[in-house]
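Below is one structure; the comments refer to it alone.
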Amino acid sequence: MNEFGKRLRALRKKAGFTQQQLADKIWVSKAAISNYELYERNPSPEILIKLAKAFHVSTDYLLGCKPETQNLDITGLTDDDIQFLEITIEMLKKKNLSHK
């Protein structure tokens, strides 16, 4: 799970979170975040999902199963705004697949 620790630390730093801020956001201890980043402990499936949601990435990306993808910063958007973007992205993917 070395890839996981590297990706978690990179995502946390990119988002501007301290370990404590991330811990507070997903309801774990700062020590847990540190252990994940240092490869000393693996997150439970529940925590893995919370981390993926916090950073708007897939669990597959966090686990190193998928290469890095581009992420959009949706900070400050409402749930309706995010849902609109998700629908739009899916429509664009379908459009692009039909042109290949």
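Chain labels A, B, ... are given in the sequence in which chains occur in the structure tokens; within each chain residues are numbered consecutively from 1, and ligands are likewise numbered from 1 in the order shown.
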Selection near A:Thr59, 12 Å with only C-alpha atoms, sequence-local residues under 3 positions removed, as a PyMOL selection string: chain A and resi 4+7-8+43-56+62-68
Would you give me, as a PyMOL selection string, the residues in chain A that DSSP reads as alpha helix (DSSP H)? chain A and resi 2-15+19-26+30-37+45-55+59-62+79-98
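In this structure, atom CA of A:Asn2 sits 13.9 Å away from atom CA of A:Ile33.
Our summary of the geometry notes that atom CA of A:Gly16 is positioned 17.7 Å from atom CA of A:Leu77.
The protein and nucleic acid residues lying at most 10 Å from A:Ala15 are Arg9, Ala10, Leu11, Arg12, Lys13, Phe17, Thr18, Leu22, Ala54, Phe55, Asp73 and Thr75 of chain A, with only C-alpha atoms considered and sequence neighbours fewer than 2 positions away removed.
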Residues from the last selection, N, CA, C and O atoms, saved as a PDB file, in the first residue's frame:
ATOM      1  N   ARG A   9      -0.809  11.659   1.038  1.00  0.00           N
ATOM      2  CA  ARG A   9      -0.026  12.835   1.430  1.00  0.00           C
ATOM      3  C   ARG A   9      -0.069  13.910   0.344  1.00  0.00           C
ATOM      4  O   ARG A   9      -0.261  15.101   0.637  1.00  0.00           O
ATOM      5  N   ALA A  10       0.082  13.517  -0.913  1.00  0.00           N
ATOM      6  CA  ALA A  10       0.059  14.484  -2.011  1.00  0.00           C
ATOM      7  C   ALA A  10      -1.300  15.180  -2.104  1.00  0.00           C
ATOM      8  O   ALA A  10      -1.367  16.409  -2.272  1.00  0.00           O
ATOM      9  N   LEU A  11      -2.367  14.420  -1.993  1.00  0.00           N
ATOM     10  CA  LEU A  11      -3.707  15.011  -2.055  1.00  0.00           C
ATOM     11  C   LEU A  11      -3.950  15.947  -0.879  1.00  0.00           C
ATOM     12  O   LEU A  11      -4.520  17.029  -1.034  1.00  0.00           O
ATOM     13  N   ARG A  12      -3.521  15.535   0.305  1.00  0.00           N
ATOM     14  CA  ARG A  12      -3.703  16.357   1.497  1.00  0.00           C
ATOM     15  C   ARG A  12      -2.970  17.685   1.350  1.00  0.00           C
ATOM     16  O   ARG A  12      -3.521  18.762   1.607  1.00  0.00           O
ATOM     17  N   LYS A  13      -1.732  17.614   0.902  1.00  0.00           N
ATOM     18  CA  LYS A  13      -0.941  18.842   0.753  1.00  0.00           C
ATOM     19  C   LYS A  13      -1.509  19.737  -0.343  1.00  0.00           C
ATOM     20  O   LYS A  13      -1.566  20.962  -0.194  1.00  0.00           O
ATOM     21  N   PHE A  17      -4.520  20.894   3.515  1.00  0.00           N
ATOM     22  CA  PHE A  17      -4.914  20.388   4.828  1.00  0.00           C
ATOM     23  C   PHE A  17      -3.695  19.982   5.632  1.00  0.00           C
ATOM     24  O   PHE A  17      -2.757  19.404   5.095  1.00  0.00           O
ATOM     25  N   THR A  18      -3.747  20.245   6.921  1.00  0.00           N
ATOM     26  CA  THR A  18      -2.788  19.618   7.832  1.00  0.00           C
ATOM     27  C   THR A  18      -3.317  18.214   8.112  1.00  0.00           C
ATOM     28  O   THR A  18      -4.479  17.901   7.796  1.00  0.00           O
ATOM     29  N   LEU A  22      -7.406  17.152   8.167  1.00  0.00           N
ATOM     30  CA  LEU A  22      -7.963  16.007   7.444  1.00  0.00           C
ATOM     31  C   LEU A  22      -8.582  15.018   8.417  1.00  0.00           C
ATOM     32  O   LEU A  22      -9.677  14.500   8.177  1.00  0.00           O
ATOM     33  N   ALA A  54     -13.536  13.029   0.320  1.00  0.00           N
ATOM     34  CA  ALA A  54     -12.932  14.286   0.775  1.00  0.00           C
ATOM     35  C   ALA A  54     -12.088  14.928  -0.321  1.00  0.00           C
ATOM     36  O   ALA A  54     -12.016  16.155  -0.419  1.00  0.00           O
ATOM     37  N   PHE A  55     -11.448  14.089  -1.140  1.00  0.00           N
ATOM     38  CA  PHE A  55     -10.561  14.610  -2.190  1.00  0.00           C
ATOM     39  C   PHE A  55     -11.158  14.503  -3.585  1.00  0.00           C
ATOM     40  O   PHE A  55     -10.495  14.829  -4.569  1.00  0.00           O
ATOM     41  N   ASP A  73     -11.440  21.348  -8.978  1.00  0.00           N
ATOM     42  CA  ASP A  73     -11.650  21.884  -7.640  1.00  0.00           C
ATOM     43  C   ASP A  73     -13.095  22.353  -7.554  1.00  0.00           C
ATOM     44  O   ASP A  73     -13.478  23.321  -8.204  1.00  0.00           O
ATOM     45  N   THR A  75     -14.562  23.099  -4.622  1.00  0.00           N
ATOM     46  CA  THR A  75     -14.728  23.754  -3.329  1.00  0.00           C
ATOM     47  C   THR A  75     -15.682  24.939  -3.474  1.00  0.00           C
ATOM     48  O   THR A  75     -15.546  25.750  -4.389  1.00  0.00           O
TER      49      THR A  75
END
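When atom CA of A:Tyr36 is paired with atom CA of A:Gly5, their separation reads 5.6 Å.
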Would you please work out which residue, of A:Asp80, A:Leu85, A:Lys6, A:Ser29, is nearest to A:Tyr61 when using only C-alpha atoms? A:Lys6
Would you please work out which residue, of A:Gln83, A:Gln19, A:Leu72, A:Thr78, is nearest to A:Ala31 when using only C-alpha atoms? A:Gln19
